[in-house]
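Data block below; observations after.
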Amino acid sequence: MTTKDGKQGPRRLNHFHGQTLNVDDYQADQGYFLEKLALLHRTLHGYGVVGGHAGELRVVARGRGEAAVDVEPGYAIDGEGHDIIVWEPQVCAVDLAAFGGRGTAHVVLRYAEEPTDYVEDPQNPRYKGYTRTLETFRIDVAKNPPHPLKGVELARVAIDDTVQFLADPRDPAAPGPGEIDRRFVPRVRRACTDLEPASLLALGAYLQGRSALHGELARRLRIEASREARLLADLARVLLALASPGLPELRSALRPLAEREVEALQALGEARPDLAAEEAFRETAEDAAELVRRLADERLRGEDLQGLLQRAAEAGSEALRRTEAEPVAPPPAPPSAEKGPEPEPEFDPARRDKLIAKLHSVGHLPPSFEVLGLRFRRVDEISVGDAGSEGTHGWRLEGASEEGRERAKFLYPDGSEAQDTGRRWKGGQAVYTLKGLTPGRPLVLLKRVDIGRGEMSSEVRSERGPVGTWEVHGSDRQQRWRNVHFVVEAAHVLAATLRLTEVADRAGRDQNAFRIWVYQAE
């Protein structure tokens, strides 16, 4: 791109009458436009799989017990700015023996060119050659991720000596050995939306209605999941206003909102059994669960999304109308001198803790127990480390400097042995939701912890503010299991669900939790 007089810049062919053109001129003419297109791709689009085109080069298992995958059609841009188009499904085999029983196979799409359409002048054999260049591709299996200039990763698979065939992941967020991992695929976002105007209108109406619906549910019924759902709906409205999202972006934005809505409906149904028994409410809950499932489907089409959102919006309006009559859990009013509910028996904290402490050292907790004249019955249980239980209760870690999942087998002081799966972490906070509660009654939580190091402490908060400090004192390297208790007073229990946040208050100290049992006064 340098002229004869040393100037820098792109040079395109300038035609004039009588000009003689040769092969180099035509090659320069094509090269100018190809380089301009590549420059546009590199600087404005980046590199990766282009969303919304054909099958988006999605890699899936063949389903035949083979060490091979199917690559669906699609379009990608590599790091040099080349267009790579796969027009038809491709089969890519993985040689497991080449990895020696351990490694990672990377399915890589690479740009390639092939000369085609050969011609030869029989009168003058010197005039011969290929008249066209085919822009094509090849799909390789590499042991390392490709450099952006050398190809686009479509998937990877962890290989160990147990892998005999390749499969779709059971959990796309955490694929195991032999399962197709699509988490590391680079993606190019489209500059314009691929949704029809009708679908955009339906989406806008859905988000506006969801913001209003969950705002009311959070305000009147104190449903924590609705507070989060309203925030997610408003964030999605901002995304829609500032950008032109395609279906992949919309699915990513709408799925957390739909998941919080399922939790909100569950809480509403537990608090209002009369409402939960109605056919319309059950249909609303089914539509919400169906929306979560469909948003997880990478093959969801725009017209399908439009219908789902319209049905969900109509069902949501009916749910709001049915809850307008009365709140599930009104704020507790102070008892008046003339008339009011009987106050809960007052606890003597020291005596209460001494009685509950009897449960710290036993391996088998009873379904209920009595403390100071109150019978506490088990109403909920969280198995920390179990994906299903964590998902149901919204259990998650935020801001931890270190974290990990662990399976442990220890003794209790009463001699019983227990094996359990849990989590360990440092710093940050643990957030989770208790379910199946009756508003206005106190709770006793018992948490199974490993006190091999001991001296753990966290500040517990609810949406009403600080609840107290959950402390673990002492350490024991022989009999390491303890069930450490924590009391949540009735003033914090305002609905059928209760969101708690445990904030670690000892810097650098290991925290752990394996199981949480929830008891409530009858």
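FYI, nothing fancy with the structure tokens labels: chains A, B, ... in order, residues from 1 per chain, ligands from 1 as they appear.
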Alpha helix (DSSP H) per DSSP on the backbone: members of segment 34-146 of chain A, as a count of residues only: 7
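Here the DSSP assignment of strand (DSSP E), based on backbone atoms, applies within segment 447-479 of chain A to Lys447, Arg448, Val449, Asp450, Met456, Ser457, Ser458, Glu459, Val460, Arg461, Ser462, Gly465, Pro466, Val467, Gly468, Thr469, Trp470, Glu471 and Val472 of chain A.
Comparing A:Ala233, A:Leu372, A:Ala418, A:Ala430 by their smallest distance to Gly209 of chain A, the closest is A:Ala233 (using only C-alpha atoms).
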Selection: 6 Å around segment 353-364 of chain A, only C-alpha atoms, excl. self and same-chain fewer than 5 positions, as a list of chain:residue names: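 Listing them by chain and then by number gives A:Tyr412, A:Pro413, A:Asp414, A:Ser416, A:Arg482, A:Asn483, A:Val484.
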Neighbours of Asp450 of chain A within 9 Å (only C-alpha atoms; same-chain residues fewer than 6 positions away dropped), as a PDB file with all heavy atoms, in the first residue's frame?
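Result file part14.pdb:
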ATOM      1  N   ALA A 408     -17.434 -34.734  51.850  1.00  0.00           N
ATOM      2  CA  ALA A 408     -16.704 -35.064  53.079  1.00  0.00           C
ATOM      3  C   ALA A 408     -17.462 -36.126  53.874  1.00  0.00           C
ATOM      4  O   ALA A 408     -18.684 -36.252  53.789  1.00  0.00           O
ATOM      5  CB  ALA A 408     -16.509 -33.813  53.925  1.00  0.00           C
ATOM      6  N   PHE A 410     -17.360 -37.351  57.917  1.00  0.00           N
ATOM      7  CA  PHE A 410     -16.811 -37.109  59.247  1.00  0.00           C
ATOM      8  C   PHE A 410     -17.737 -37.704  60.310  1.00  0.00           C
ATOM      9  O   PHE A 410     -18.837 -38.198  60.031  1.00  0.00           O
ATOM     10  CB  PHE A 410     -16.650 -35.601  59.505  1.00  0.00           C
ATOM     11  CG  PHE A 410     -15.703 -34.906  58.564  1.00  0.00           C
ATOM     12  CD1 PHE A 410     -16.078 -33.739  57.913  1.00  0.00           C
ATOM     13  CD2 PHE A 410     -14.432 -35.409  58.329  1.00  0.00           C
ATOM     14  CE1 PHE A 410     -15.221 -33.101  57.049  1.00  0.00           C
ATOM     15  CE2 PHE A 410     -13.560 -34.772  57.472  1.00  0.00           C
ATOM     16  CZ  PHE A 410     -13.960 -33.615  56.828  1.00  0.00           C
ATOM     17  N   SER A 475     -12.831 -25.722  67.639  1.00  0.00           N
ATOM     18  CA  SER A 475     -12.426 -26.564  66.515  1.00  0.00           C
ATOM     19  C   SER A 475     -12.230 -27.985  67.030  1.00  0.00           C
ATOM     20  O   SER A 475     -11.982 -28.210  68.213  1.00  0.00           O
ATOM     21  CB  SER A 475     -11.139 -26.043  65.869  1.00  0.00           C
ATOM     22  OG  SER A 475     -10.067 -26.109  66.798  1.00  0.00           O
ATOM     23  N   ASP A 476     -12.373 -28.954  66.114  1.00  0.00           N
ATOM     24  CA  ASP A 476     -12.255 -30.359  66.489  1.00  0.00           C
ATOM     25  C   ASP A 476     -11.779 -31.109  65.252  1.00  0.00           C
ATOM     26  O   ASP A 476     -12.489 -31.168  64.241  1.00  0.00           O
ATOM     27  CB  ASP A 476     -13.605 -30.899  66.970  1.00  0.00           C
ATOM     28  CG  ASP A 476     -13.487 -32.296  67.576  1.00  0.00           C
ATOM     29  OD1 ASP A 476     -12.523 -33.012  67.249  1.00  0.00           O
ATOM     30  OD2 ASP A 476     -14.374 -32.648  68.381  1.00  0.00           O
ATOM     31  N   GLN A 479     -13.788 -35.243  65.635  1.00  0.00           N
ATOM     32  CA  GLN A 479     -15.235 -35.312  65.396  1.00  0.00           C
ATOM     33  C   GLN A 479     -15.641 -33.955  64.801  1.00  0.00           C
ATOM     34  O   GLN A 479     -16.012 -33.024  65.503  1.00  0.00           O
ATOM     35  CB  GLN A 479     -15.974 -35.607  66.699  1.00  0.00           C
ATOM     36  CG  GLN A 479     -15.555 -36.956  67.294  1.00  0.00           C
ATOM     37  CD  GLN A 479     -15.982 -37.113  68.742  1.00  0.00           C
ATOM     38  OE1 GLN A 479     -16.057 -36.141  69.483  1.00  0.00           O
ATOM     39  NE2 GLN A 479     -16.270 -38.347  69.127  1.00  0.00           N
ATOM     40  N   ARG A 480     -15.598 -33.864  63.480  1.00  0.00           N
ATOM     41  CA  ARG A 480     -15.591 -32.553  62.809  1.00  0.00           C
ATOM     42  C   ARG A 480     -16.977 -32.015  62.481  1.00  0.00           C
ATOM     43  O   ARG A 480     -17.108 -30.836  62.173  1.00  0.00           O
ATOM     44  CB  ARG A 480     -14.734 -32.633  61.540  1.00  0.00           C
ATOM     45  CG  ARG A 480     -13.290 -32.952  61.861  1.00  0.00           C
ATOM     46  CD  ARG A 480     -12.430 -33.154  60.629  1.00  0.00           C
ATOM     47  NE  ARG A 480     -12.371 -31.987  59.766  1.00  0.00           N
ATOM     48  CZ  ARG A 480     -11.419 -31.807  58.844  1.00  0.00           C
ATOM     49  NH1 ARG A 480     -10.445 -32.715  58.717  1.00  0.00           N
ATOM     50  NH2 ARG A 480     -11.430 -30.745  58.071  1.00  0.00           N
ATOM     51  N   TRP A 481     -18.017 -32.855  62.512  1.00  0.00           N
ATOM     52  CA  TRP A 481     -19.352 -32.346  62.175  1.00  0.00           C
ATOM     53  C   TRP A 481     -19.995 -31.646  63.376  1.00  0.00           C
ATOM     54  O   TRP A 481     -19.916 -32.130  64.501  1.00  0.00           O
ATOM     55  CB  TRP A 481     -20.284 -33.459  61.738  1.00  0.00           C
ATOM     56  CG  TRP A 481     -20.125 -34.055  60.377  1.00  0.00           C
ATOM     57  CD1 TRP A 481     -20.203 -35.374  60.066  1.00  0.00           C
ATOM     58  CD2 TRP A 481     -19.924 -33.381  59.131  1.00  0.00           C
ATOM     59  NE1 TRP A 481     -20.047 -35.580  58.716  1.00  0.00           N
ATOM     60  CE2 TRP A 481     -19.880 -34.351  58.110  1.00  0.00           C
ATOM     61  CE3 TRP A 481     -19.758 -32.041  58.773  1.00  0.00           C
ATOM     62  CZ2 TRP A 481     -19.693 -34.040  56.779  1.00  0.00           C
ATOM     63  CZ3 TRP A 481     -19.566 -31.724  57.432  1.00  0.00           C
ATOM     64  CH2 TRP A 481     -19.538 -32.713  56.455  1.00  0.00           C
ATOM     65  N   ARG A 482     -20.668 -30.495  63.118  1.00  0.00           N
ATOM     66  CA  ARG A 482     -21.534 -29.831  64.098  1.00  0.00           C
ATOM     67  C   ARG A 482     -22.738 -29.257  63.363  1.00  0.00           C
ATOM     68  O   ARG A 482     -22.650 -28.864  62.196  1.00  0.00           O
ATOM     69  CB  ARG A 482     -20.811 -28.689  64.818  1.00  0.00           C
ATOM     70  CG  ARG A 482     -19.670 -29.109  65.718  1.00  0.00           C
ATOM     71  CD  ARG A 482     -20.110 -29.927  66.923  1.00  0.00           C
ATOM     72  NE  ARG A 482     -19.004 -30.127  67.850  1.00  0.00           N
ATOM     73  CZ  ARG A 482     -18.068 -31.058  67.715  1.00  0.00           C
ATOM     74  NH1 ARG A 482     -18.098 -31.867  66.667  1.00  0.00           N
ATOM     75  NH2 ARG A 482     -17.086 -31.171  68.602  1.00  0.00           N
ATOM     76  N   ASN A 512     -17.598 -22.657  55.509  1.00  0.00           N
ATOM     77  CA  ASN A 512     -18.118 -23.845  54.848  1.00  0.00           C
ATOM     78  C   ASN A 512     -19.552 -24.090  55.270  1.00  0.00           C
ATOM     79  O   ASN A 512     -19.995 -23.629  56.331  1.00  0.00           O
ATOM     80  CB  ASN A 512     -17.236 -25.074  55.121  1.00  0.00           C
ATOM     81  CG  ASN A 512     -17.315 -25.567  56.560  1.00  0.00           C
ATOM     82  OD1 ASN A 512     -18.286 -26.218  56.951  1.00  0.00           O
ATOM     83  ND2 ASN A 512     -16.272 -25.255  57.357  1.00  0.00           N
ATOM     84  N   ALA A 513     -20.282 -24.786  54.433  1.00  0.00           N
ATOM     85  CA  ALA A 513     -21.668 -25.170  54.721  1.00  0.00           C
ATOM     86  C   ALA A 513     -21.977 -26.412  53.910  1.00  0.00           C
ATOM     87  O   ALA A 513     -21.601 -26.507  52.737  1.00  0.00           O
ATOM     88  CB  ALA A 513     -22.636 -24.035  54.371  1.00  0.00           C
ATOM     89  N   PHE A 514     -22.640 -27.384  54.533  1.00  0.00           N
ATOM     90  CA  PHE A 514     -22.970 -28.627  53.857  1.00  0.00           C
ATOM     91  C   PHE A 514     -24.481 -28.867  53.788  1.00  0.00           C
ATOM     92  O   PHE A 514     -24.955 -29.485  52.847  1.00  0.00           O
ATOM     93  CB  PHE A 514     -22.289 -29.809  54.549  1.00  0.00           C
ATOM     94  CG  PHE A 514     -20.811 -29.856  54.311  1.00  0.00           C
ATOM     95  CD1 PHE A 514     -19.950 -29.003  54.985  1.00  0.00           C
ATOM     96  CD2 PHE A 514     -20.269 -30.740  53.392  1.00  0.00           C
ATOM     97  CE1 PHE A 514     -18.584 -29.035  54.765  1.00  0.00           C
ATOM     98  CE2 PHE A 514     -18.900 -30.782  53.152  1.00  0.00           C
ATOM     99  CZ  PHE A 514     -18.058 -29.926  53.842  1.00  0.00           C
TER     100      PHE A 514
END
Selection near Ala495 of chain A, 12 Å with only C-alpha atoms, sequence-local residues under 5 positions removed, as a ChimeraX atom specification: /A:217-225,264,266-272,327-332,433-442,463,490
